[in-house]
>>> print(open('run.txt').read())   # compact mmCIF, C-alpha atoms and all ligand atoms
# COMPACT_ATOMS: atom_id res chain seq x y z
CA MET A 12 -9.58 9.76 0.50
CA ILE A 13 -6.88 12.34 0.74
CA PRO A 14 -3.18 11.45 0.49
CA LEU A 15 -1.29 13.71 2.92
CA PRO A 16 2.34 13.90 1.80
CA ALA A 17 4.90 13.20 4.56
CA PHE A 18 8.69 12.97 4.60
CA THR A 19 10.04 12.67 1.05
CA ASP A 20 7.74 10.07 -0.48
CA ASN A 21 5.21 8.83 2.11
CA TYR A 22 1.46 9.32 1.97
CA ILE A 23 -0.68 9.33 5.09
CA TRP A 24 -4.16 8.43 3.79
CA MET A 25 -7.01 10.33 5.38
CA LEU A 26 -10.64 9.28 5.07
CA HIS A 27 -13.35 11.59 6.45
CA ASP A 28 -17.10 12.18 6.58
CA ALA A 29 -16.87 15.99 6.95
CA HIS A 30 -16.87 15.67 10.78
CA HIS A 31 -14.60 12.81 11.74
CA ALA A 32 -11.47 11.43 10.15
CA VAL A 33 -9.35 8.32 10.15
CA VAL A 34 -5.72 8.23 9.07
CA VAL A 35 -3.56 5.32 8.00
CA ASP A 36 0.12 4.95 8.93
CA PRO A 37 0.86 8.43 10.30
CA GLY A 38 4.65 8.43 10.34
CA ASP A 39 4.48 12.13 11.21
CA ALA A 40 1.78 13.91 13.24
CA GLN A 41 2.30 17.38 11.74
CA PRO A 42 0.67 16.95 8.30
CA VAL A 43 -2.28 15.21 9.97
CA LEU A 44 -2.79 17.94 12.59
CA GLU A 45 -2.62 20.57 9.85
CA ALA A 46 -5.20 18.79 7.71
CA LEU A 47 -7.52 18.30 10.70
CA ARG A 48 -7.29 22.02 11.48
CA THR A 49 -7.76 23.15 7.88
CA LEU A 50 -10.72 20.87 7.22
CA GLY A 51 -12.26 21.25 10.69
CA LEU A 52 -12.19 17.51 11.41
CA GLN A 53 -11.86 15.46 14.56
CA LEU A 54 -9.59 12.43 14.40
CA SER A 55 -11.45 9.34 15.58
CA ALA A 56 -9.14 6.50 14.58
CA ILE A 57 -5.66 5.60 13.40
CA LEU A 58 -5.01 2.45 11.37
CA VAL A 59 -1.48 1.05 11.33
CA THR A 60 -0.26 -1.59 8.85
CA HIS A 61 3.20 -2.38 10.27
CA HIS A 62 5.80 -1.25 12.78
CA HIS A 63 8.26 0.81 10.67
CA PRO A 64 8.96 4.32 12.03
CA ASP A 65 7.76 6.07 8.84
CA HIS A 66 4.34 4.51 9.55
CA VAL A 67 4.03 4.86 13.34
CA GLY A 68 6.20 7.90 14.19
CA GLY A 69 3.19 10.20 14.65
CA VAL A 70 0.91 7.77 16.50
CA ASP A 71 1.66 8.87 20.09
CA ALA A 72 1.43 12.59 19.34
CA LEU A 73 -1.86 12.15 17.45
CA ARG A 74 -3.35 9.96 20.17
CA ASP A 75 -2.35 12.51 22.82
CA ALA A 76 -3.69 15.45 20.81
CA THR A 77 -7.00 13.89 19.71
CA GLY A 78 -7.78 10.82 21.82
CA ALA A 79 -8.09 8.78 18.62
CA ARG A 80 -8.29 5.01 18.98
CA VAL A 81 -5.35 3.16 17.45
CA TYR A 82 -5.65 -0.12 15.55
CA GLY A 83 -2.67 -2.17 14.39
CA PRO A 84 -1.16 -5.59 13.91
CA ALA A 85 -1.30 -7.64 17.13
CA ARG A 86 1.93 -9.41 16.22
CA GLU A 87 4.11 -6.30 15.92
CA ARG A 88 5.45 -3.71 18.36
CA ILE A 89 3.26 -0.66 17.81
CA PRO A 90 3.04 2.26 20.28
CA GLN A 91 0.51 1.24 22.98
CA PRO A 92 -2.38 1.41 23.85
CA LEU A 93 -3.58 -0.32 20.75
CA VAL A 94 -6.44 -2.50 19.52
CA GLY A 95 -4.40 -5.46 18.24
CA LEU A 96 -5.72 -7.05 15.04
CA ASN A 97 -5.10 -10.36 13.31
CA GLY A 98 -6.04 -11.58 9.83
CA GLY A 99 -9.80 -12.25 9.66
CA ASP A 100 -10.64 -9.61 12.29
CA ARG A 101 -12.91 -6.70 11.45
CA CYS A 102 -12.73 -3.14 12.62
CA GLU A 103 -15.36 -0.40 12.41
CA VAL A 104 -14.19 3.15 11.75
CA LEU A 105 -16.34 6.12 10.64
CA GLY A 106 -19.14 3.66 10.00
CA PHE A 107 -17.00 1.68 7.53
CA THR A 108 -16.21 -1.96 8.21
CA PHE A 109 -12.66 -2.97 7.39
CA GLU A 110 -11.60 -6.56 7.06
CA VAL A 111 -8.07 -7.30 8.25
CA ILE A 112 -5.85 -9.31 5.91
CA ASP A 113 -2.52 -10.84 6.95
CA VAL A 114 0.13 -9.89 4.40
CA PRO A 115 3.52 -11.01 5.79
CA GLY A 116 6.64 -10.32 3.70
CA HIS A 117 7.75 -6.70 4.09
CA THR A 118 7.49 -7.28 7.85
CA ALA A 119 6.46 -10.47 9.64
CA GLY A 120 3.17 -9.16 11.05
CA HIS A 121 2.14 -6.72 8.30
CA ILE A 122 -1.63 -6.37 7.87
CA ALA A 123 -3.83 -4.68 5.25
CA TYR A 124 -7.30 -3.16 5.64
CA PHE A 125 -10.02 -3.91 3.08
CA HIS A 126 -13.47 -2.36 2.88
CA GLN A 127 -16.21 -3.77 0.65
CA PRO A 128 -19.18 -1.38 0.46
CA ALA A 129 -22.64 -2.85 0.92
CA ALA A 130 -24.87 -2.79 -2.17
CA GLY A 131 -26.19 0.74 -2.66
CA ASP A 132 -23.63 2.36 -0.30
CA MET A 133 -22.21 5.11 -2.54
CA ARG A 134 -20.10 6.91 0.08
CA LEU A 135 -16.88 5.85 -1.63
CA ASP A 136 -18.41 5.85 -5.11
CA GLY A 137 -19.43 2.30 -4.25
CA LEU A 138 -15.86 1.08 -4.77
CA PRO A 139 -13.95 -1.32 -2.53
CA LEU A 140 -10.97 0.20 -0.74
CA LEU A 141 -7.61 -1.25 0.27
CA PHE A 142 -4.96 0.20 2.57
CA CYS A 143 -1.98 -2.03 1.92
CA GLY A 144 0.92 -0.21 3.62
CA ASP A 145 4.27 -1.29 2.18
CA THR A 146 3.06 -4.60 0.71
CA LEU A 147 1.78 -3.51 -2.70
CA PHE A 148 2.93 -0.36 -4.50
CA SER A 149 1.84 0.87 -7.89
CA GLY A 150 4.11 -1.07 -10.25
CA GLY A 151 5.99 -2.71 -7.38
CA CYS A 152 5.97 -4.33 -3.96
CA GLY A 153 7.69 -3.82 -0.62
CA ARG A 154 11.18 -5.03 0.14
CA LEU A 155 11.48 -8.29 2.03
CA PHE A 156 12.85 -7.17 5.38
CA GLU A 157 11.38 -9.88 7.61
CA GLY A 158 9.49 -12.30 5.38
CA THR A 159 10.37 -14.83 2.68
CA PRO A 160 9.66 -14.57 -1.04
CA ALA A 161 7.07 -17.35 -0.64
CA GLN A 162 5.26 -15.33 2.04
CA MET A 163 5.27 -12.14 -0.05
CA LEU A 164 4.07 -13.99 -3.14
CA ALA A 165 1.19 -15.51 -1.12
CA SER A 166 0.35 -12.08 0.35
CA LEU A 167 0.28 -10.49 -3.11
CA ASP A 168 -1.86 -13.38 -4.40
CA THR A 169 -4.36 -12.66 -1.61
CA LEU A 170 -4.52 -8.96 -2.55
CA ALA A 171 -4.71 -9.78 -6.27
CA ALA A 172 -7.82 -11.88 -5.59
CA LEU A 173 -9.76 -8.88 -4.25
CA PRO A 174 -12.32 -7.25 -6.61
CA ALA A 175 -10.68 -5.69 -9.69
CA ALA A 176 -12.34 -2.33 -8.97
CA THR A 177 -10.62 -2.07 -5.58
CA ARG A 178 -8.91 1.26 -5.00
CA VAL A 179 -5.37 0.63 -3.84
CA CYS A 180 -3.98 3.14 -1.34
CA CYS A 181 -0.24 2.52 -1.04
CA THR A 182 1.96 4.35 1.47
CA HIS A 183 4.76 5.49 -0.85
CA GLU A 184 5.05 7.49 -4.06
CA TYR A 185 7.48 5.01 -5.63
CA THR A 186 5.51 4.69 -8.85
CA LEU A 187 7.91 6.23 -11.40
CA ALA A 188 10.93 4.25 -10.14
CA ASN A 189 8.82 1.08 -10.05
CA LEU A 190 7.60 1.63 -13.59
CA LYS A 191 11.12 2.17 -14.88
CA PHE A 192 11.98 -1.30 -13.58
CA ALA A 193 8.68 -2.75 -14.83
CA ARG A 194 9.42 -1.50 -18.37
CA THR A 195 12.81 -3.21 -18.24
CA VAL A 196 11.07 -6.47 -17.31
CA GLU A 197 8.22 -6.08 -19.82
CA PRO A 198 9.32 -3.74 -22.63
CA GLY A 199 6.46 -5.07 -24.80
CA ASN A 200 3.65 -4.29 -22.34
CA ALA A 201 1.56 -1.57 -24.03
CA GLU A 202 -0.64 -0.84 -20.97
CA LEU A 203 2.52 -0.36 -18.94
CA ALA A 204 3.96 2.09 -21.48
CA ALA A 205 0.72 4.10 -21.53
CA TYR A 206 0.42 4.12 -17.73
CA SER A 207 4.06 5.26 -17.39
CA GLN A 208 3.36 8.29 -19.59
CA GLN A 209 0.27 9.11 -17.59
CA CYS A 210 2.21 8.92 -14.31
CA GLU A 211 5.10 11.00 -15.68
CA SER A 212 2.72 13.84 -16.44
CA LEU A 213 0.92 13.52 -13.09
CA ARG A 214 4.24 13.85 -11.27
CA ALA A 215 5.42 16.68 -13.54
CA ASP A 216 2.28 18.57 -12.45
CA GLY A 217 2.94 17.73 -8.79
CA HIS A 218 0.03 15.28 -8.45
CA PRO A 219 0.09 11.89 -6.70
CA THR A 220 -0.07 8.81 -8.94
CA LEU A 221 -2.20 7.14 -6.25
CA PRO A 222 -4.62 5.61 -5.49
CA SER A 223 -4.21 2.91 -8.07
CA ASN A 224 -6.65 0.07 -8.65
CA LEU A 225 -6.26 -3.68 -8.85
CA ALA A 226 -7.41 -4.09 -12.45
CA LEU A 227 -4.61 -1.75 -13.54
CA GLU A 228 -1.97 -3.30 -11.27
CA LEU A 229 -2.76 -6.74 -12.67
CA GLN A 230 -1.89 -5.40 -16.12
CA ILE A 231 1.28 -3.47 -15.28
CA ASN A 232 2.83 -4.64 -11.98
CA PRO A 233 5.52 -7.29 -12.57
CA PHE A 234 5.18 -8.51 -8.97
CA LEU A 235 1.52 -9.41 -9.63
CA ARG A 236 2.54 -10.86 -13.01
CA SER A 237 5.42 -13.11 -11.98
CA ARG A 238 3.73 -16.16 -13.53
CA GLN A 239 3.19 -14.48 -16.91
CA ALA A 240 5.38 -15.95 -19.65
CA SER A 241 6.81 -12.50 -20.50
CA VAL A 242 7.93 -11.93 -16.91
CA VAL A 243 9.26 -15.46 -16.36
CA GLN A 244 11.29 -15.16 -19.55
CA ALA A 245 12.77 -11.80 -18.58
CA VAL A 246 13.64 -12.98 -15.07
CA GLN A 247 15.32 -16.13 -16.40
CA GLY A 248 17.21 -14.01 -18.91
CA HIS A 249 18.55 -11.99 -16.00
CA ASP A 250 19.09 -14.96 -13.66
CA PRO A 251 19.21 -18.33 -15.44
CA GLN A 252 19.08 -20.13 -12.05
CA ALA A 253 15.58 -18.80 -11.32
CA ASN A 254 13.09 -21.67 -11.30
CA GLY A 255 9.60 -22.39 -10.06
CA GLU A 256 6.99 -19.80 -9.03
CA THR A 257 8.72 -18.83 -5.80
CA GLY A 258 12.19 -18.93 -7.35
CA VAL A 259 11.15 -16.62 -10.18
CA PHE A 260 9.43 -14.25 -7.76
CA ALA A 261 12.51 -14.22 -5.49
CA ALA A 262 14.79 -13.49 -8.46
CA LEU A 263 12.46 -10.72 -9.66
CA ARG A 264 12.55 -9.07 -6.20
CA GLN A 265 16.35 -9.43 -6.08
CA TRP A 266 16.68 -7.92 -9.58
CA LYS A 267 14.63 -4.90 -8.43
CA ASN A 268 16.82 -4.53 -5.31
CA GLU A 269 19.87 -4.13 -7.54
CA PHE A 270 18.19 -2.10 -10.29
CA ARG A 271 19.20 1.56 -10.76
ZN ZN A 301 7.81 -0.26 5.81
FE FE A 302 7.29 2.66 4.55
>>> encode(input="run.txt", output="structure tokens")
Amino acid sequence: MIPLPAFTDNYIWMLHDAHHAVVVDPGDAQPVLEALRTLGLQLSAILVTHHHPDHVGGVDALRDATGARVYGPARERIPQPLVGLNGGDRCEVLGFTFEVIDVPGHTAGHIAYFHQPAAGDMRLDGLPLLFCGDTLFSGGCGRLFEGTPAQMLASLDTLAALPAATRVCCTHEYTLANLKFARTVEPGNAELAAYSQQCESLRADGHPTLPSNLALELQINPFLRSRQASVVQAVQGHDPQANGETGVFAALRQWKNEFR
């Protein structure tokens, strides 16, 4: 997997087999066309997670230039023609089978793509792979533009239940800002402190902090830890009205919205 930087903080993930490539959420065609040219690849498919312009802006140009087949959420307005997908569907790209997972919250019809390699298939180091768009970020989660806190919490629970070794390919390099907030919520989390340092030096050297993996996110991401006593306590210290699993999660998301 190669993260192609786009705009100020997007990544367009590219997966290839040395001949053909698939890209996820191409908000801009230019970085994709350049990578295809440089690496001598033919684009065979485009996967889209949700309808926001920074994820679909390059779809038409790439389809026109390469004839790639486009897959995306059936319930959202994505540039047509498109193979519309719903949760539970499967799609085959580059010989990889991706399972479609409904993850409403950031948008109403947001989907994620999950690949579980068959036993002995070492093409991706044998590790499961997740393209989660703007649902899960390293150390954070997407803003709730169209969905409810209950929906986002359920979506994150679904992702959190995937295998711990799953590689998590998020669409934005928001990690440092997310971790600053996470440290405010959990100042006593030693894994979080260590991961923050690691990410600071990656960024200082101009490297992406992604992909992440689920095992790590479960230790450091407050939005996957909203039932942990440390997080509940911090949220209630910030907003004494916050109560119940959904209420605490909603207050945590609101706190992040206002955090600078
Ligand atoms: Zn978005
Ligand atoms: Fe986005």
>>> closest_residue(input="run.txt", among="A:Gly144, A:Gly217, A:Pro233, A:Gly68", to="ligand FE 302 (chain A)", atoms="only C-alpha atoms and all ligand atoms")
A:Gly144
>>> closest_residue(input="run.txt", among="A:Pro37, A:Asp145, A:Pro139, A:Ser166", to="A:Pro90", atoms="all atoms listed in the file")
A:Pro37
>>> residues_near_ligand(input="run.txt", ligand="ligand ZN 301 (chain A)", cutoff="10 Å", atoms="only C-alpha atoms and all ligand atoms", output="list in words")
Asp36, Thr60, His61, His62, His63, Pro64, Asp65, His66, Val67, His117, Thr118, His121, Gly144, Asp145, Thr146, Gly153, Arg154, Leu155, Phe156, Thr182 and His183 of chain A
>>> residues_around(input="run.txt", residues="A:Gly98", least_positions_apart="4", cutoff="12 Å", atoms="all atoms listed in the file", output="list in words")
Thr60, Gly83, Pro84, Ala85, Arg86, Cys102, Phe109, Glu110, Val111, Ile112, Asp113, Val114, Pro115, Gly120, His121, Ile122, Ala123, Tyr124, Phe125, Ser166 and Thr169 of chain A
>>> write_last_selection(input="run.txt", atoms="C-alpha atoms", output="PDB file, in the coordinates of the input")
ATOM      1  CA  THR A  60      -0.260  -1.590   8.850  1.00  0.00           C
ATOM      2  CA  GLY A  83      -2.670  -2.170  14.390  1.00  0.00           C
ATOM      3  CA  PRO A  84      -1.160  -5.590  13.910  1.00  0.00           C
ATOM      4  CA  ALA A  85      -1.300  -7.640  17.130  1.00  0.00           C
ATOM      5  CA  ARG A  86       1.930  -9.410  16.220  1.00  0.00           C
ATOM      6  CA  CYS A 102     -12.730  -3.140  12.620  1.00  0.00           C
ATOM      7  CA  PHE A 109     -12.660  -2.970   7.390  1.00  0.00           C
ATOM      8  CA  GLU A 110     -11.600  -6.560   7.060  1.00  0.00           C
ATOM      9  CA  VAL A 111      -8.070  -7.300   8.250  1.00  0.00           C
ATOM     10  CA  ILE A 112      -5.850  -9.310   5.910  1.00  0.00           C
ATOM     11  CA  ASP A 113      -2.520 -10.840   6.950  1.00  0.00           C
ATOM     12  CA  VAL A 114       0.130  -9.890   4.400  1.00  0.00           C
ATOM     13  CA  PRO A 115       3.520 -11.010   5.790  1.00  0.00           C
ATOM     14  CA  GLY A 120       3.170  -9.160  11.050  1.00  0.00           C
ATOM     15  CA  HIS A 121       2.140  -6.720   8.300  1.00  0.00           C
ATOM     16  CA  ILE A 122      -1.630  -6.370   7.870  1.00  0.00           C
ATOM     17  CA  ALA A 123      -3.830  -4.680   5.250  1.00  0.00           C
ATOM     18  CA  TYR A 124      -7.300  -3.160   5.640  1.00  0.00           C
ATOM     19  CA  PHE A 125     -10.020  -3.910   3.080  1.00  0.00           C
ATOM     20  CA  SER A 166       0.350 -12.080   0.350  1.00  0.00           C
ATOM     21  CA  THR A 169      -4.360 -12.660  -1.610  1.00  0.00           C
TER      22      THR A 169
END
>>> residues_around(input="run.txt", residues="A:Glu197", least_positions_apart="3", cutoff="10 Å", atoms="only C-alpha atoms", output="number ranges by chain")
A: 190, 192-194, 200-201, 203-204, 231-233, 241-242, 244-246
>>> closest_residue(input="run.txt", among="A:Val70, A:His249, A:Leu221, A:Tyr185", to="A:Thr19", atoms="only C-alpha atoms")
A:Tyr185
>>> closest_residue(input="run.txt", among="A:Leu141, A:Glu184, A:Gly51, A:Thr159", to="ligand FE 302 (chain A)", atoms="all atoms listed in the file")
A:Glu184
>>> closest_residue(input="run.txt", among="A:Ala226, A:Ala79, A:Leu164, A:Leu138", to="A:Arg264", atoms="all atoms listed in the file")
A:Leu164
>>> closest_residue(input="run.txt", among="A:Gly38, A:Gly151, A:Pro14, A:Pro174", to="ligand FE 302 (chain A)", atoms="all atoms listed in the file")
A:Gly38
>>> atom_distance(input="run.txt", atom1="atom CA of A:Thr77", atom2="atom CA of A:Gly106")
18.6 Å
>>> atom_distance(input="run.txt", atom1="atom CA of A:Gln162", atom2="atom CA of A:Leu263")
14.5 Å
>>> atom_distance(input="run.txt", atom1="atom CA of A:Asp250", atom2="atom CA of A:Ala262")
6.9 Å
